[in-house]
file coords.txt (compact mmCIF, C-alpha atoms and all ligand atoms)
# COMPACT_ATOMS: atom_id res chain seq x y z
CA MET P 5 12.80 15.01 28.71
CA LYS P 6 11.64 16.31 25.32
CA ILE P 7 13.13 14.58 22.29
CA PRO P 8 12.93 16.56 19.06
CA LEU P 9 13.03 14.93 15.63
CA LEU P 10 16.07 17.02 14.84
CA ASP P 11 18.38 19.29 16.79
CA LEU P 12 20.35 21.47 14.41
CA LYS P 13 21.42 23.84 17.18
CA SER P 14 23.29 21.14 19.05
CA GLN P 15 25.23 20.28 15.91
CA HIS P 16 26.05 23.95 15.36
CA LYS P 17 27.42 24.17 18.91
CA THR P 18 30.00 21.48 18.13
CA ILE P 19 31.47 23.45 15.19
CA GLU P 20 30.64 26.99 16.23
CA GLU P 21 34.18 28.35 16.21
CA GLU P 22 35.02 26.95 12.78
CA ILE P 23 31.77 28.33 11.38
CA ASP P 24 32.25 31.78 12.93
CA ARG P 25 35.70 32.00 11.39
CA VAL P 26 34.65 31.19 7.82
CA VAL P 27 31.50 33.31 8.01
CA GLU P 28 33.60 36.26 9.12
CA GLU P 29 36.00 35.66 6.20
CA VAL P 30 33.17 35.65 3.68
CA LEU P 31 31.64 38.80 5.16
CA GLU P 32 35.03 40.53 5.00
CA SER P 33 35.69 39.36 1.43
CA GLY P 34 32.81 41.25 -0.14
CA HIS P 35 32.26 38.31 -2.50
CA TYR P 36 28.89 36.77 -1.72
CA ILE P 37 27.68 34.66 -4.65
CA LEU P 38 29.49 32.05 -6.83
CA GLY P 39 32.98 32.87 -5.56
CA PRO P 40 36.05 30.99 -4.36
CA ASN P 41 34.19 29.02 -1.67
CA VAL P 42 31.65 27.71 -4.18
CA ARG P 43 34.47 26.66 -6.52
CA ALA P 44 36.36 24.98 -3.68
CA LEU P 45 33.22 23.22 -2.43
CA GLU P 46 32.53 21.96 -5.96
CA GLU P 47 36.03 20.50 -6.14
CA GLU P 48 35.87 18.98 -2.67
CA ILE P 49 32.50 17.36 -3.28
CA ALA P 50 33.52 16.10 -6.74
CA ASP P 51 36.50 14.52 -5.02
CA TYR P 52 34.42 13.09 -2.15
CA CYS P 53 31.83 11.60 -4.49
CA GLN P 54 34.43 10.53 -7.08
CA VAL P 55 32.97 12.39 -10.05
CA LYS P 56 34.65 14.72 -12.55
CA TYR P 57 32.25 17.66 -12.16
CA ALA P 58 30.13 19.13 -9.38
CA VAL P 59 28.11 22.29 -9.97
CA GLY P 60 26.56 24.24 -7.08
CA VAL P 61 22.98 25.45 -7.51
CA ALA P 62 20.32 27.10 -5.33
CA SER P 63 18.55 23.96 -4.04
CA GLY P 64 18.12 20.23 -4.45
CA THR P 65 14.94 20.92 -6.39
CA ASP P 66 16.88 23.08 -8.83
CA ALA P 67 19.57 20.41 -9.11
CA LEU P 68 16.85 18.03 -10.35
CA ARG P 69 15.22 20.65 -12.58
CA LEU P 70 18.47 21.76 -14.25
CA SER P 71 19.55 18.12 -14.67
CA LEU P 72 16.38 17.30 -16.61
CA LEU P 73 16.85 20.39 -18.78
CA SER P 74 20.53 19.69 -19.40
CA LEU P 75 19.69 16.16 -20.55
CA GLY P 76 17.07 17.49 -22.93
CA VAL P 77 14.04 16.09 -21.08
CA GLY P 78 10.97 18.19 -21.86
CA LYS P 79 7.61 18.37 -23.59
CA GLY P 80 6.19 15.01 -24.60
CA ASP P 81 8.74 12.97 -22.64
CA GLU P 82 8.03 10.56 -19.81
CA VAL P 83 10.18 10.00 -16.74
CA ILE P 84 9.95 6.95 -14.50
CA VAL P 85 9.80 7.83 -10.80
CA THR P 86 8.55 6.57 -7.46
CA PRO P 87 5.30 7.98 -6.00
CA PHE P 88 6.77 7.51 -2.50
CA THR P 89 9.08 10.53 -2.31
CA PHE P 90 9.13 14.24 -1.57
CA ILE P 91 7.05 16.06 -4.17
CA ALA P 92 10.07 17.96 -5.56
CA THR P 93 11.21 14.84 -7.43
CA ALA P 94 8.04 14.67 -9.54
CA GLU P 95 7.19 18.36 -9.54
CA VAL P 96 10.22 19.29 -11.65
CA ILE P 97 9.36 16.60 -14.24
CA THR P 98 5.93 18.15 -14.68
CA GLN P 99 7.35 21.68 -14.69
CA VAL P 100 9.76 20.99 -17.58
CA GLY P 101 6.76 19.79 -19.61
CA ALA P 102 7.35 16.04 -19.25
CA ARG P 103 5.14 13.50 -17.50
CA PRO P 104 6.07 11.48 -14.42
CA THR P 105 5.35 7.77 -14.88
CA PHE P 106 4.91 6.46 -11.36
CA ILE P 107 5.76 2.85 -10.56
CA ASP P 108 5.34 0.99 -7.30
CA ILE P 109 8.01 0.49 -4.66
CA GLU P 110 9.69 -2.49 -3.03
CA GLU P 111 7.98 -3.64 0.15
CA LYS P 112 11.18 -3.81 2.18
CA SER P 113 13.39 -0.94 1.03
CA PHE P 114 10.59 1.60 0.26
CA ASN P 115 12.54 2.41 -2.92
CA LEU P 116 11.30 2.23 -6.50
CA ASP P 117 11.12 -1.39 -7.66
CA PRO P 118 13.45 -1.91 -10.65
CA ALA P 119 11.37 -4.92 -11.71
CA GLU P 120 8.43 -2.56 -12.41
CA ILE P 121 10.34 -0.39 -14.90
CA GLU P 122 10.10 -2.37 -18.12
CA GLN P 123 6.33 -2.68 -18.15
CA ALA P 124 6.03 1.08 -17.62
CA LEU P 125 8.18 1.99 -20.63
CA THR P 126 6.70 3.62 -23.72
CA SER P 127 8.33 5.10 -26.83
CA ARG P 128 8.30 8.45 -24.97
CA THR P 129 10.20 7.31 -21.90
CA LYS P 130 13.39 9.33 -21.68
CA ALA P 131 14.74 8.96 -18.15
CA ILE P 132 14.52 7.31 -14.75
CA ILE P 133 14.89 9.15 -11.43
CA PRO P 134 15.85 6.68 -8.70
CA VAL P 135 15.36 8.33 -5.29
CA HIS P 136 17.60 6.92 -2.56
CA LEU P 137 14.94 7.29 0.12
CA TYR P 138 15.87 7.76 3.80
CA GLY P 139 19.58 7.25 2.95
CA GLN P 140 19.08 3.75 1.56
CA ALA P 141 20.40 2.98 -1.94
CA VAL P 142 18.19 1.99 -4.85
CA ASP P 143 19.47 -1.14 -6.61
CA MET P 144 21.55 0.87 -9.10
CA SER P 145 23.03 -2.06 -10.98
CA LYS P 146 19.52 -3.12 -12.04
CA ILE P 147 18.59 0.48 -12.87
CA MET P 148 21.73 1.01 -14.97
CA HIS P 149 21.24 -2.28 -16.77
CA THR P 150 17.65 -1.42 -17.71
CA ALA P 151 18.61 2.14 -18.67
CA GLU P 152 21.41 0.96 -20.93
CA LYS P 153 19.18 -1.62 -22.59
CA HIS P 154 16.53 0.99 -23.44
CA GLY P 155 18.70 4.09 -23.95
CA LEU P 156 17.36 5.97 -20.91
CA LYS P 157 19.09 8.66 -18.87
CA VAL P 158 19.47 8.14 -15.12
CA ILE P 159 19.19 11.04 -12.66
CA GLU P 160 19.90 9.98 -9.08
CA ASP P 161 18.01 11.91 -6.40
CA VAL P 162 20.60 11.84 -3.61
CA ALA P 163 18.89 14.51 -1.47
CA GLN P 164 18.52 12.06 1.44
CA ALA P 165 21.60 9.94 0.83
CA PHE P 166 24.72 12.08 0.79
CA GLY P 167 27.62 9.80 1.66
CA THR P 168 25.83 6.48 1.27
CA GLU P 169 28.37 4.00 -0.02
CA TYR P 170 27.34 1.63 -2.79
CA HIS P 171 29.14 -1.68 -3.28
CA GLY P 172 27.46 -3.34 -6.24
CA TRP P 173 28.79 -1.37 -9.22
CA ALA P 174 31.93 -1.67 -11.34
CA GLY P 175 33.95 -3.48 -8.71
CA ARG P 176 34.76 -0.69 -6.28
CA PRO P 177 32.79 1.17 -3.58
CA ARG P 178 31.06 4.24 -4.99
CA LYS P 179 29.28 7.19 -3.46
CA LEU P 180 25.66 7.53 -4.54
CA GLY P 181 25.26 10.20 -7.18
CA SER P 182 28.30 8.98 -9.11
CA ILE P 183 26.63 6.04 -10.85
CA GLY P 184 23.83 7.54 -12.99
CA ASP P 185 24.32 10.17 -15.72
CA VAL P 186 23.68 12.83 -13.10
CA GLY P 187 23.41 12.91 -9.29
CA CYS P 188 21.47 15.61 -7.42
CA LEU P 189 22.34 16.75 -3.89
CA SER P 190 20.33 18.90 -1.51
CA PHE P 191 21.92 20.98 1.23
CA PHE P 192 18.60 21.74 2.92
CA PRO P 193 19.44 22.00 6.66
CA THR P 194 17.81 18.68 7.61
CA LYS P 195 19.81 16.59 5.11
CA ASN P 196 22.97 14.64 5.97
CA LEU P 197 25.13 17.48 4.67
CA GLY P 198 22.92 20.47 5.45
CA GLY P 199 23.74 24.15 5.09
CA TYR P 200 22.34 27.08 7.04
CA GLY P 201 19.85 27.81 4.27
CA ASP P 202 19.03 26.38 0.86
CA GLY P 203 21.55 24.91 -1.55
CA GLY P 204 22.08 22.01 -3.93
CA MET P 205 24.60 20.46 -6.31
CA VAL P 206 24.67 18.49 -9.53
CA LEU P 207 27.25 15.70 -9.95
CA THR P 208 28.26 14.29 -13.34
CA ASN P 209 31.14 12.84 -15.33
CA ASP P 210 29.82 14.37 -18.56
CA PRO P 211 31.58 17.66 -19.44
CA GLU P 212 28.70 18.76 -21.69
CA VAL P 213 26.10 18.28 -18.93
CA ALA P 214 28.33 20.19 -16.49
CA ARG P 215 28.75 23.02 -19.00
CA ARG P 216 24.98 23.29 -19.54
CA ILE P 217 24.20 23.29 -15.81
CA LYS P 218 26.74 26.08 -15.32
CA MET P 219 24.94 28.09 -17.98
CA LEU P 220 21.42 27.29 -16.77
CA ARG P 221 22.18 28.45 -13.22
CA VAL P 222 23.08 31.96 -14.47
CA HIS P 223 20.32 32.78 -16.96
CA GLY P 224 21.83 30.69 -19.75
CA GLN P 225 24.94 32.84 -19.87
CA ASP P 226 27.80 31.36 -21.91
CA SER P 227 31.54 31.94 -21.56
CA ASP P 228 31.57 35.19 -23.58
CA CYS P 229 28.67 36.54 -21.53
CA GLY P 230 26.07 36.13 -24.25
CA HIS P 231 22.90 34.12 -23.72
CA SER P 232 22.47 31.11 -25.94
CA LEU P 233 19.67 29.50 -23.95
CA LEU P 234 17.03 30.48 -21.42
CA GLY P 235 18.19 29.80 -17.92
CA TYR P 236 17.40 30.57 -14.31
CA ASN P 237 18.74 32.33 -11.29
CA SER P 238 19.97 29.29 -9.40
CA ARG P 239 23.25 30.25 -7.83
CA LEU P 240 24.84 28.95 -4.66
CA ASP P 241 26.06 31.64 -2.28
CA GLU P 242 29.45 31.96 -0.62
CA LEU P 243 28.17 31.79 2.96
CA GLN P 244 26.49 28.44 2.33
CA ALA P 245 29.52 27.11 0.47
CA ALA P 246 31.91 28.18 3.23
CA ILE P 247 29.70 26.60 5.90
CA LEU P 248 29.27 23.41 3.85
CA ARG P 249 33.06 23.13 3.43
CA VAL P 250 33.40 23.08 7.22
CA LYS P 251 30.59 20.55 7.57
CA LEU P 252 31.96 18.31 4.81
CA ARG P 253 35.00 17.68 7.01
CA HIS P 254 32.71 16.29 9.73
CA VAL P 255 30.12 14.48 7.66
CA ASP P 256 31.68 10.99 7.78
CA LYS P 257 31.79 11.14 11.56
CA TRP P 258 28.15 12.26 11.67
CA THR P 259 27.13 9.44 9.33
CA ARG P 260 28.89 6.98 11.63
CA MET P 261 26.96 8.42 14.58
CA ARG P 262 23.66 8.08 12.67
CA ARG P 263 24.51 4.45 11.90
CA GLN P 264 25.39 3.79 15.54
CA ASN P 265 22.08 5.30 16.63
CA ALA P 266 20.25 3.12 14.12
CA SER P 267 22.07 0.02 15.39
CA LEU P 268 21.10 0.80 18.96
CA TYR P 269 17.44 1.28 17.99
CA ASN P 270 17.52 -1.99 16.01
CA GLU P 271 19.10 -3.87 18.86
CA LEU P 272 16.66 -2.52 21.47
CA PHE P 273 13.58 -3.07 19.32
CA SER P 274 14.66 -6.60 18.45
CA SER P 275 15.73 -7.70 21.91
CA SER P 276 12.54 -6.42 23.54
CA ALA P 277 10.34 -7.98 20.85
CA VAL P 278 8.45 -4.74 20.16
CA PRO P 279 6.07 -5.45 17.26
CA VAL P 280 7.43 -2.84 14.81
CA ARG P 281 9.33 -3.50 11.64
CA ILE P 282 12.82 -1.99 11.84
CA PRO P 283 14.48 -0.58 8.70
CA PHE P 284 15.58 -3.17 6.19
CA GLN P 285 19.17 -2.67 5.03
CA VAL P 286 20.08 -3.70 1.49
CA SER P 287 23.19 -5.85 1.11
CA TYR P 288 24.74 -3.80 -1.68
CA ALA P 289 25.14 -0.48 0.14
CA ARG P 290 25.79 1.15 3.51
CA HIS P 291 22.69 3.03 4.71
CA SER P 292 23.44 6.61 5.84
CA PHE P 293 20.22 6.98 7.90
CA CYS P 294 19.19 10.48 6.97
CA VAL P 295 15.88 9.17 8.31
CA TYR P 296 15.14 6.18 10.58
CA THR P 297 11.77 4.73 9.68
CA ILE P 298 9.89 2.00 11.49
CA ARG P 299 6.68 0.43 10.34
CA THR P 300 3.48 -0.60 12.16
CA PRO P 301 -0.26 -0.76 11.35
CA GLN P 302 -0.78 1.12 14.67
CA ARG P 303 1.20 4.08 13.33
CA ASP P 304 -1.24 6.91 13.99
CA ARG P 305 -2.01 5.90 17.55
CA LEU P 306 1.66 5.31 18.28
CA ARG P 307 2.51 8.74 16.93
CA ASP P 308 -0.13 10.41 19.14
CA TYR P 309 1.12 8.51 22.15
CA LEU P 310 4.74 9.53 21.55
CA ARG P 311 3.74 13.14 21.00
CA LYS P 312 2.08 13.18 24.42
CA LYS P 313 5.32 11.84 25.89
CA GLY P 314 7.33 14.67 24.32
CA ILE P 315 8.83 12.57 21.55
CA GLU P 316 8.64 14.15 18.13
CA THR P 317 8.21 11.93 15.06
CA LYS P 318 7.36 12.51 11.43
CA ILE P 319 5.67 10.73 8.55
CA TYR P 320 7.66 10.57 5.34
CA TYR P 321 5.31 10.43 3.39
CA PRO P 322 1.65 10.46 4.43
CA LEU P 323 0.27 10.45 0.88
CA PRO P 324 1.91 8.98 -2.25
CA LEU P 325 2.24 11.54 -5.03
CA HIS P 326 -0.36 10.05 -7.41
CA LEU P 327 -2.98 10.66 -4.68
CA GLN P 328 -1.97 14.27 -4.02
CA LYS P 329 -4.58 16.73 -5.23
CA VAL P 330 -2.21 18.29 -7.75
CA TYR P 331 -1.58 14.94 -9.45
CA ARG P 332 -5.19 13.77 -9.17
CA ASN P 333 -6.07 16.95 -11.06
CA LEU P 334 -3.47 16.05 -13.68
CA GLY P 335 -5.21 12.77 -14.40
CA TYR P 336 -3.44 10.33 -12.09
CA SER P 337 -6.46 9.49 -9.95
CA ASP P 338 -7.12 6.05 -11.45
CA LEU P 339 -3.69 4.68 -10.68
CA ASP P 340 -3.08 2.51 -7.73
CA PHE P 341 0.19 1.48 -6.19
CA PRO P 342 -0.76 -0.79 -3.30
CA ILE P 343 2.70 -1.14 -1.78
CA ALA P 344 3.34 2.61 -1.66
CA GLU P 345 -0.19 3.27 -0.44
CA ARG P 346 0.07 0.80 2.41
CA ALA P 347 3.53 2.09 3.36
CA SER P 348 2.17 5.63 3.61
CA THR P 349 -0.27 4.48 6.31
CA GLU P 350 2.33 2.54 8.33
CA VAL P 351 5.68 4.38 8.26
CA LEU P 352 6.91 6.47 11.16
CA SER P 353 10.28 8.22 11.37
CA LEU P 354 11.98 8.54 14.75
CA PRO P 355 14.71 10.95 15.87
CA ILE P 356 18.08 9.74 14.50
CA TYR P 357 20.29 12.86 14.37
CA PRO P 358 23.99 12.34 15.24
CA GLU P 359 23.90 14.21 18.56
CA LEU P 360 21.03 12.09 19.92
CA ARG P 361 22.17 10.43 23.16
CA GLU P 362 21.95 6.78 24.06
CA ALA P 363 19.60 7.51 26.96
CA GLN P 364 17.24 9.31 24.58
CA ILE P 365 17.13 6.34 22.21
CA GLU P 366 16.49 4.03 25.16
CA LEU P 367 13.62 6.26 26.23
CA VAL P 368 12.04 6.29 22.77
CA VAL P 369 12.14 2.50 22.62
CA LYS P 370 10.80 2.24 26.16
CA GLU P 371 7.82 4.43 25.26
CA VAL P 372 7.12 2.50 22.05
CA LYS P 373 7.18 -0.68 24.09
CA LYS P 374 4.81 0.82 26.69
CA PHE P 375 2.43 1.87 23.94
CA PHE P 376 2.16 -1.67 22.61
CA HIS P 377 1.77 -3.00 26.13
CA CYS P 378 -1.14 -0.59 26.74
CA ILE P 379 -3.03 -1.34 23.55
CA GLN P 380 -2.67 -5.05 24.16
CA PHE P 381 -4.73 -4.68 27.32
CA ASN P 382 -7.22 -2.16 25.97
CA TYR P 383 -8.45 -4.43 23.24
C1 LIG M 401 14.84 17.43 0.18
C2 LIG M 401 14.53 16.68 -1.03
C3 LIG M 401 14.50 17.28 -2.31
C4 LIG M 401 14.57 18.75 -2.53
O1 LIG M 401 15.67 19.40 -2.03
P1 LIG M 401 15.59 20.96 -1.66
O2 LIG M 401 17.02 21.31 -1.42
O3 LIG M 401 14.73 21.09 -0.47
O4 LIG M 401 15.04 21.68 -2.86
C5 LIG M 401 14.32 16.45 -3.40
N1 LIG M 401 14.14 15.13 -3.27
C6 LIG M 401 14.12 14.53 -2.06
C7 LIG M 401 13.94 13.05 -1.99
C8 LIG M 401 14.30 15.28 -0.90
O5 LIG M 401 14.27 14.68 0.29

call {"tool": "encode", "arguments": {"input": "coords.txt", "output": "structure tokens", "more": "lines below"}}
Ligand SMILES: *Cc1c(COP(=O)(O)O)cnc(C)c1O
result
Amino acid sequence: MKIPLLDLKSQHKTIEEEIDRVVEEVLESGHYILGPNVRALEEEIADYCQVKYAVGVASGTDALRLSLLSLGVGKGDEVIVTPFTFIATAEVITQVGARPTFIDIEEKSFNLDPAEIEQALTSRTKAIIPVHLYGQAVDMSKIMHTAEKHGLKVIEDVAQAFGTEYHGWAGRPRKLGSIGDVGCLSFFPTKNLGGYGDGGMVLTNDPEVARRIKMLRVHGQDSDCGHSLLGYNSRLDELQAAILRVKLRHVDKWTRMRRQNASLYNELFSSSAVPVRIPFQVSYARHSFCVYTIRTPQRDRLRDYLRKKGIETKIYYPLPLHLQKVYRNLGYSDLDFPIAERASTEVLSLPIYPELREAQIELVVKEVKKFFHCIQFNY
């Protein structure tokens, strides 16, 4: 039995008829970009995430890029960010002319450590980008407190955490992306709400930010079709929006299935005393398990072993950003973030997708257990 890291086809099979219907409607409509489905999706997601405005864009990367631009972050500014994330988060900071200020992560949650922010601040610091890695929430109440105290903007990177519920802010449960000044979603197919191609969305309660994002995504075009700023081509298309509207209706069920799969893994790893660290879950939010990441110093050998057994795994992320060639060349080579660096040598993500069956999870755990049994006797 082969177990892939992800199985997008099996999810498609479960909604095939609904998808075929809406795709056919879009094809028949002749309206393919920024039409009624994009508008409806924007409203539905604003409603789901409890924000006033949601603006569809071409990708999660563009959601981050246009957010920085709409908040006026640019040349000479600094933005606080974790080095333990997908490169898109930092790349856009550099591309708008600002400088990422990396800070180390928390040992347990793998997320940026709010306690590290204040000592990294300078007079140029303009914003913080908390990345809710793997579907686990950053401690937003600490982030918001620090941001307020120092007048910083907060851009949440929610690419891996669509639907994660946060309990520690303003007395009622909130969806991630609704707490900072701006929240950025990715609809890349592997994310919790994934399209059948690229897509992204910006969430905000600020009408001025929403207005600017709407201009930036269409070449800076304003309401009377003039151009008052330089923008981009970053539009969401109707096919993606129509497909995402179907998938939005299923996403809570899929998140529940991811959480159930995570619970089963946790239970099996714990009860069989396998020497891996299972994912820590913060008390102030409900993890949505976009990714299920275990931790062990034997990571590379375990990964090879599982590959030979037909079990696909992945490393998110094998090299923290300050050690990537592009950032070493930009003068980051002297930095060291020991917690992120050690994590990058020990993390391993296992299959967690909603359609994964119980027997498959049992097999993964059985093989992990066998691996540790073998190395015990080889030493
Ligand atoms: C996927 C991802 C992005 C980028 O999203 P795209 O839609 O692929 O451009 C940004 N940040 C994080 C943390 C991601 O996982």

call {"tool": "residues_near_ligand", "arguments": {"input": "coords.txt", "ligand": "ligand LIG 401 (chain M)", "cutoff": "6 Å", "atoms": "only C-alpha atoms and all ligand atoms", "output": "ChimeraX atom specification"}}
result
/P:63-65,89-90,92-93,135,161,163-164,190-192,202-204

call {"tool": "closest_residue", "arguments": {"input": "coords.txt", "among": "P:Asp210, P:Glu242, P:Asp11, P:Asp304", "to": "P:Asn41", "atoms": "only C-alpha atoms"}}
result
P:Glu242

call {"tool": "residues_around", "arguments": {"input": "coords.txt", "residues": "P:Glu366", "least_positions_apart": "5", "cutoff": "12 Å", "atoms": "only C-alpha atoms", "output": "PDB file with C-alpha atoms, keeping the file's coordinate frame"}}
result
ATOM      1  CA  ILE P   7      13.130  14.580  22.290  1.00  0.00           C
ATOM      2  CA  ASN P 265      22.080   5.300  16.630  1.00  0.00           C
ATOM      3  CA  ALA P 266      20.250   3.120  14.120  1.00  0.00           C
ATOM      4  CA  SER P 267      22.070   0.020  15.390  1.00  0.00           C
ATOM      5  CA  LEU P 268      21.100   0.800  18.960  1.00  0.00           C
ATOM      6  CA  TYR P 269      17.440   1.280  17.990  1.00  0.00           C
ATOM      7  CA  ASN P 270      17.520  -1.990  16.010  1.00  0.00           C
ATOM      8  CA  GLU P 271      19.100  -3.870  18.860  1.00  0.00           C
ATOM      9  CA  LEU P 272      16.660  -2.520  21.470  1.00  0.00           C
ATOM     10  CA  PHE P 273      13.580  -3.070  19.320  1.00  0.00           C
ATOM     11  CA  SER P 276      12.540  -6.420  23.540  1.00  0.00           C
ATOM     12  CA  PRO P 355      14.710  10.950  15.870  1.00  0.00           C
ATOM     13  CA  LEU P 360      21.030  12.090  19.920  1.00  0.00           C
ATOM     14  CA  ARG P 361      22.170  10.430  23.160  1.00  0.00           C
ATOM     15  CA  GLU P 371       7.820   4.430  25.260  1.00  0.00           C
ATOM     16  CA  VAL P 372       7.120   2.500  22.050  1.00  0.00           C
ATOM     17  CA  LYS P 373       7.180  -0.680  24.090  1.00  0.00           C
TER      18      LYS P 373
END

call {"tool": "atom_distance", "arguments": {"input": "coords.txt", "atom1": "atom CA of P:Ala102", "atom2": "atom CA of P:Val213"}}
result
18.9 Å

call {"tool": "closest_residue", "arguments": {"input": "coords.txt", "among": "P:Ala347, P:Leu243, P:Glu212, P:Arg249", "to": "P:Glu48", "atoms": "all atoms listed in the file"}}
result
P:Arg249

call {"tool": "axis_aligned_box", "arguments": {"input": "coords.txt", "around": "stretch 275-290 of chain P", "padding_each_side": "6 Å", "output": "lines of an AutoDock Vina configuration file"}}
result
center_x = 15.9
center_y = -3.4
center_z = 10.9
size_x = 31.7
size_y = 21.1
size_z = 37.2

call {"tool": "residues_near_point", "arguments": {"input": "coords.txt", "point": "(10.4, -1.4, -7.7)", "cutoff": "10 Å", "atoms": "all atoms listed in the file", "output": "ChimeraX atom specification"}}
result
/P:85-86,107-111,113-121,134,142-143,147,343

call {"tool": "closest_residue", "arguments": {"input": "coords.txt", "among": "P:Gly60, P:Val158, P:Phe381, P:Asn237", "to": "P:Pro40", "atoms": "all atoms listed in the file"}}
result
P:Gly60

call {"tool": "build_atoms", "arguments": {"input": "coords.txt", "residues": "stretch 287-301 of chain P", "atoms": "N, CA and C atoms", "output": "tab-separated table (two decimals), keeping the file's coordinate frame"}}
result
chain	number	residue	atom	x	y	z
P	287	SER	N	21.85	-5.27	0.95
P	287	SER	CA	23.19	-5.85	1.11
P	287	SER	C	24.24	-5.13	0.28
P	288	TYR	N	23.78	-4.37	-0.73
P	288	TYR	CA	24.74	-3.80	-1.68
P	288	TYR	C	25.14	-2.35	-1.37
P	289	ALA	N	24.78	-1.85	-0.18
P	289	ALA	CA	25.14	-0.48	0.14
P	289	ALA	C	25.15	-0.28	1.65
P	290	ARG	N	25.76	0.83	2.09
P	290	ARG	CA	25.79	1.15	3.51
P	290	ARG	C	24.88	2.35	3.78
P	291	HIS	N	23.74	2.05	4.39
P	291	HIS	CA	22.69	3.03	4.71
P	291	HIS	C	23.29	4.23	5.47
P	292	SER	N	22.91	5.45	5.11
P	292	SER	CA	23.44	6.61	5.84
P	292	SER	C	22.41	7.21	6.81
P	293	PHE	N	21.22	6.61	6.89
P	293	PHE	CA	20.22	6.98	7.90
P	293	PHE	C	19.98	8.48	8.04
P	294	CYS	N	19.70	9.11	6.92
P	294	CYS	CA	19.19	10.48	6.97
P	294	CYS	C	17.90	10.45	7.79
P	295	VAL	N	17.15	9.36	7.63
P	295	VAL	CA	15.88	9.17	8.31
P	295	VAL	C	15.84	7.73	8.82
P	296	TYR	N	15.30	7.53	10.03
P	296	TYR	CA	15.14	6.18	10.58
P	296	TYR	C	13.65	5.88	10.66
P	297	THR	N	13.20	4.94	9.84
P	297	THR	CA	11.77	4.73	9.68
P	297	THR	C	11.35	3.33	10.10
P	298	ILE	N	10.46	3.28	11.08
P	298	ILE	CA	9.89	2.00	11.49
P	298	ILE	C	8.51	1.86	10.85
P	299	ARG	N	7.94	0.68	11.00
P	299	ARG	CA	6.68	0.43	10.34
P	299	ARG	C	5.75	-0.35	11.27
P	300	THR	N	4.50	0.11	11.37
P	300	THR	CA	3.48	-0.60	12.16
P	300	THR	C	2.08	-0.18	11.71
P	301	PRO	N	1.14	-1.11	11.67
P	301	PRO	CA	-0.26	-0.76	11.35
P	301	PRO	C	-0.87	0.17	12.41
